[in-house]
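Undergrad: First the structure, which I've put down as structure tokens, then a few questions once you've had a look.
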Amino acid sequence: MSKLFKRYGKGIGIYVLFSVFMWLSVFIIFPQVLMIEYSFWKYDDKAQEKIWEKTDELDAKRFDLEKKLKTNPDNSEIKKEIEVLSKEINRLDILSQEPQKVYTTQNYEYLFGNTLHRNVFLKTIWSSVLVTILALIICYPIAYYLAHVANKKGKLLIFLGLIIPYWVDELLRTFAWFMILSYNGIINNLFISLGIIDQPIEFFQNNSAALIGMVYAYILFMLFPIYNTLESLDKNQILAARDLGASWISIHKKIIIPYAKPGIAVGAIFVFMMTAGTYAVPSILGGTSGIWFTQVIYSWFFDGGNWNQGSAYGLALLVLCIIFIMLMLKLFKVKLEDMAK
């Protein structure tokens, strides 16, 4: 903190600290704490029924007292008892209108006990890992070419070719892939005209279309971290290895890939988390069998109106993503400081 004040002054330093505090509090900590709290409680229908039963019981007792009061209208004790009962009945009526909360782990038990939702959860995780691997396979050679092979003009043209399509909204790009991969789309017509296939491929009957769409949607989040890392690699190390007779496979295995580990880790984390948390792409390209876990969460929140169950599902996905981050850091032996660099 003292370094911050010395470098930027107290005014800007306090502004930066306040901004960071507000960002962490409002956009990260508070929503997550609220989601955790929601995920551990549910409305207790039995407690609600007990309140109604107690209300009916007191109401019947009041009715009997009112009958007695008609035969003895001057009885002050009966009047007081009726007044007390009326106040208690009114209190229970107000209480019955407010759903009774009970803290429980049933929301999580339902997730892991529901075979369909558990399978969707596991399929989402596996598909996200597969998208991450495919993005890495595609992006690593492109990143290396951009960092150490392409000249300035070629690099500029490739970057423009990569970035310009992303000026278009994600939904429009996804719908474009829907038309490309549809039963009578460009891909099927091209394959049939070339004689590769006899019948159109039904991309939407499995995860193929969704995987292709997600790889395309998030590929730059893998490419740029790897490129930024490889760009700082000294070319003399590669040249020295070549002069000593090392093969290209050995150079990539022993020099380039170890150096690119921070970029690969960052890219893998970005792609995995965005794929696991996406909603639009699987909704459009997933077809009938391509249900994504985020669609189940959306359904709990907006279709079923069960925010508690939706929070439990969302928290389960969040915990999974955090575990994946830790695994990537451990697998690539990368520290958070290395990722920041």
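Chain lettering (A, B, ...) mirrors the order of the structure tokens, residue numbering begins at 1 for each chain separately, and ligand numbering begins at 1 in order of display.
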Please provide as a ChimeraX atom specification all residues within 10 Å of stretch 287-304 of chain A, with the sequence filter that same-chain residues fewer than 5 positions apart are discarded (counting only C-alpha atoms).
TA: /A:117-125,127,202-211,275-282,309-314,317
Undergrad: Can you write just those residues out, C-alpha atoms, as a PDB file, in the first residue's frame?
TA:
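For reference, result06.pdb as written:
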ATOM      1  CA  HIS A 117     -28.974 -33.904 -14.178  1.00  0.00           C
ATOM      2  CA  ARG A 118     -25.867 -35.723 -12.954  1.00  0.00           C
ATOM      3  CA  ASN A 119     -25.244 -37.078 -16.444  1.00  0.00           C
ATOM      4  CA  VAL A 120     -25.749 -33.616 -17.952  1.00  0.00           C
ATOM      5  CA  PHE A 121     -23.270 -32.208 -15.404  1.00  0.00           C
ATOM      6  CA  LEU A 122     -20.645 -34.847 -16.238  1.00  0.00           C
ATOM      7  CA  LYS A 123     -21.238 -34.455 -19.979  1.00  0.00           C
ATOM      8  CA  THR A 124     -20.786 -30.684 -19.693  1.00  0.00           C
ATOM      9  CA  ILE A 125     -17.479 -31.138 -17.871  1.00  0.00           C
ATOM     10  CA  SER A 127     -17.270 -31.623 -23.336  1.00  0.00           C
ATOM     11  CA  GLU A 202     -26.963 -34.781 -38.743  1.00  0.00           C
ATOM     12  CA  PHE A 203     -24.584 -32.632 -36.691  1.00  0.00           C
ATOM     13  CA  PHE A 204     -27.335 -31.576 -34.289  1.00  0.00           C
ATOM     14  CA  GLN A 205     -28.219 -35.115 -33.188  1.00  0.00           C
ATOM     15  CA  ASN A 206     -25.049 -35.273 -31.108  1.00  0.00           C
ATOM     16  CA  ASN A 207     -22.579 -32.829 -29.595  1.00  0.00           C
ATOM     17  CA  SER A 208     -20.647 -32.228 -32.835  1.00  0.00           C
ATOM     18  CA  ALA A 209     -22.238 -28.909 -33.776  1.00  0.00           C
ATOM     19  CA  ALA A 210     -22.050 -27.565 -30.217  1.00  0.00           C
ATOM     20  CA  LEU A 211     -18.370 -28.541 -29.878  1.00  0.00           C
ATOM     21  CA  THR A 275     -17.278 -23.327 -22.274  1.00  0.00           C
ATOM     22  CA  ALA A 276     -18.643 -24.788 -19.039  1.00  0.00           C
ATOM     23  CA  GLY A 277     -20.541 -21.567 -18.348  1.00  0.00           C
ATOM     24  CA  THR A 278     -21.893 -20.850 -21.824  1.00  0.00           C
ATOM     25  CA  TYR A 279     -25.616 -20.828 -22.547  1.00  0.00           C
ATOM     26  CA  ALA A 280     -26.192 -19.425 -26.037  1.00  0.00           C
ATOM     27  CA  VAL A 281     -24.031 -21.815 -28.087  1.00  0.00           C
ATOM     28  CA  PRO A 282     -25.430 -25.138 -26.777  1.00  0.00           C
ATOM     29  CA  GLN A 309     -32.006 -25.384  -6.419  1.00  0.00           C
ATOM     30  CA  GLY A 310     -30.555 -23.177  -9.173  1.00  0.00           C
ATOM     31  CA  SER A 311     -28.055 -21.696  -6.704  1.00  0.00           C
ATOM     32  CA  ALA A 312     -26.945 -25.169  -5.614  1.00  0.00           C
ATOM     33  CA  TYR A 313     -26.435 -26.201  -9.244  1.00  0.00           C
ATOM     34  CA  GLY A 314     -24.591 -22.957 -10.026  1.00  0.00           C
ATOM     35  CA  LEU A 317     -20.387 -25.671 -11.358  1.00  0.00           C
TER      36      LEU A 317
END
Undergrad: Could you check which of A:Met22, A:Leu172, A:Leu146, A:Ile94 is closest to A:Trp52, using only C-alpha atoms?
TA: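 Closest to A:Trp52 of all the choices is A:Ile94.
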Undergrad: Using only C-alpha atoms, which of A:Leu116, A:Ile29, A:Ala60, A:Met274 sits nearest A:Val215?
TA: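 Of A:Leu116, A:Ile29, A:Ala60, A:Met274, the one nearest A:Val215, counting only C-alpha atoms, is A:Met274.
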Undergrad: What is the distance between atom CA of A:Phe178 and atom CA of A:Gly195, in Å to one decimal?
TA: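 The value is 22.6 Å.
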Undergrad: Choose the residue, out of A:Asp169, A:Leu220, A:Phe5, A:Tyr227, that has the smallest atom-to-atom separation from A:Thr132; count only C-alpha atoms.
TA: A:Leu220
Undergrad: Considering only C-alpha atoms, return as a list in words whatever protein or nucleic-acid residues lie within 9 Å of stretch 233-250 of chain A, sequence-local ones (same chain, fewer than 4 positions apart) excluded.
TA: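 Everything that qualifies: Ala147, His148, Thr229, Lys254, Ile255, Ile256, Tyr259 and Ala260 of chain A.
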Undergrad: Save the residues we just selected, N, CA and C atoms, as a compact mmCIF listing (two decimals), in the first residue's frame?
TA:
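Printed below is part_23.txt as written:
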# COMPACT_ATOMS: atom_id res chain seq x y z
N ALA A 147 4.36 -15.99 -33.65
CA ALA A 147 5.41 -15.46 -32.78
C ALA A 147 6.80 -15.57 -33.39
N HIS A 148 7.08 -16.61 -34.20
CA HIS A 148 8.46 -16.85 -34.62
C HIS A 148 8.66 -17.12 -36.10
N THR A 229 3.00 -15.43 -24.63
CA THR A 229 4.11 -16.10 -23.95
C THR A 229 5.25 -16.43 -24.93
N LYS A 254 11.16 -29.80 -25.44
CA LYS A 254 12.09 -29.45 -24.36
C LYS A 254 12.29 -27.95 -24.17
N ILE A 255 11.95 -27.14 -25.19
CA ILE A 255 12.20 -25.70 -25.08
C ILE A 255 10.91 -24.89 -25.17
N ILE A 256 10.18 -25.05 -26.27
CA ILE A 256 9.06 -24.16 -26.55
C ILE A 256 7.86 -24.44 -25.65
N TYR A 259 8.37 -23.46 -22.04
CA TYR A 259 8.34 -22.00 -21.91
C TYR A 259 6.92 -21.46 -22.03
N ALA A 260 6.10 -22.13 -22.83
CA ALA A 260 4.73 -21.66 -23.09
C ALA A 260 3.73 -22.11 -22.04
Undergrad: Tell me, as a list in words, which residues lie within 10 Å of stretch 331-335 of chain A, counting only C-alpha atoms; anything in the same chain fewer than 3 positions away does not count.
TA: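 Surrounding residues, per the criterion: Pro258, Ala260, Lys261, Pro262, Gly263, Ile264, Ala265, Val266, Ile325, Met326, Leu327, Met328, Asp338, Met339 and Ala340 of chain A.
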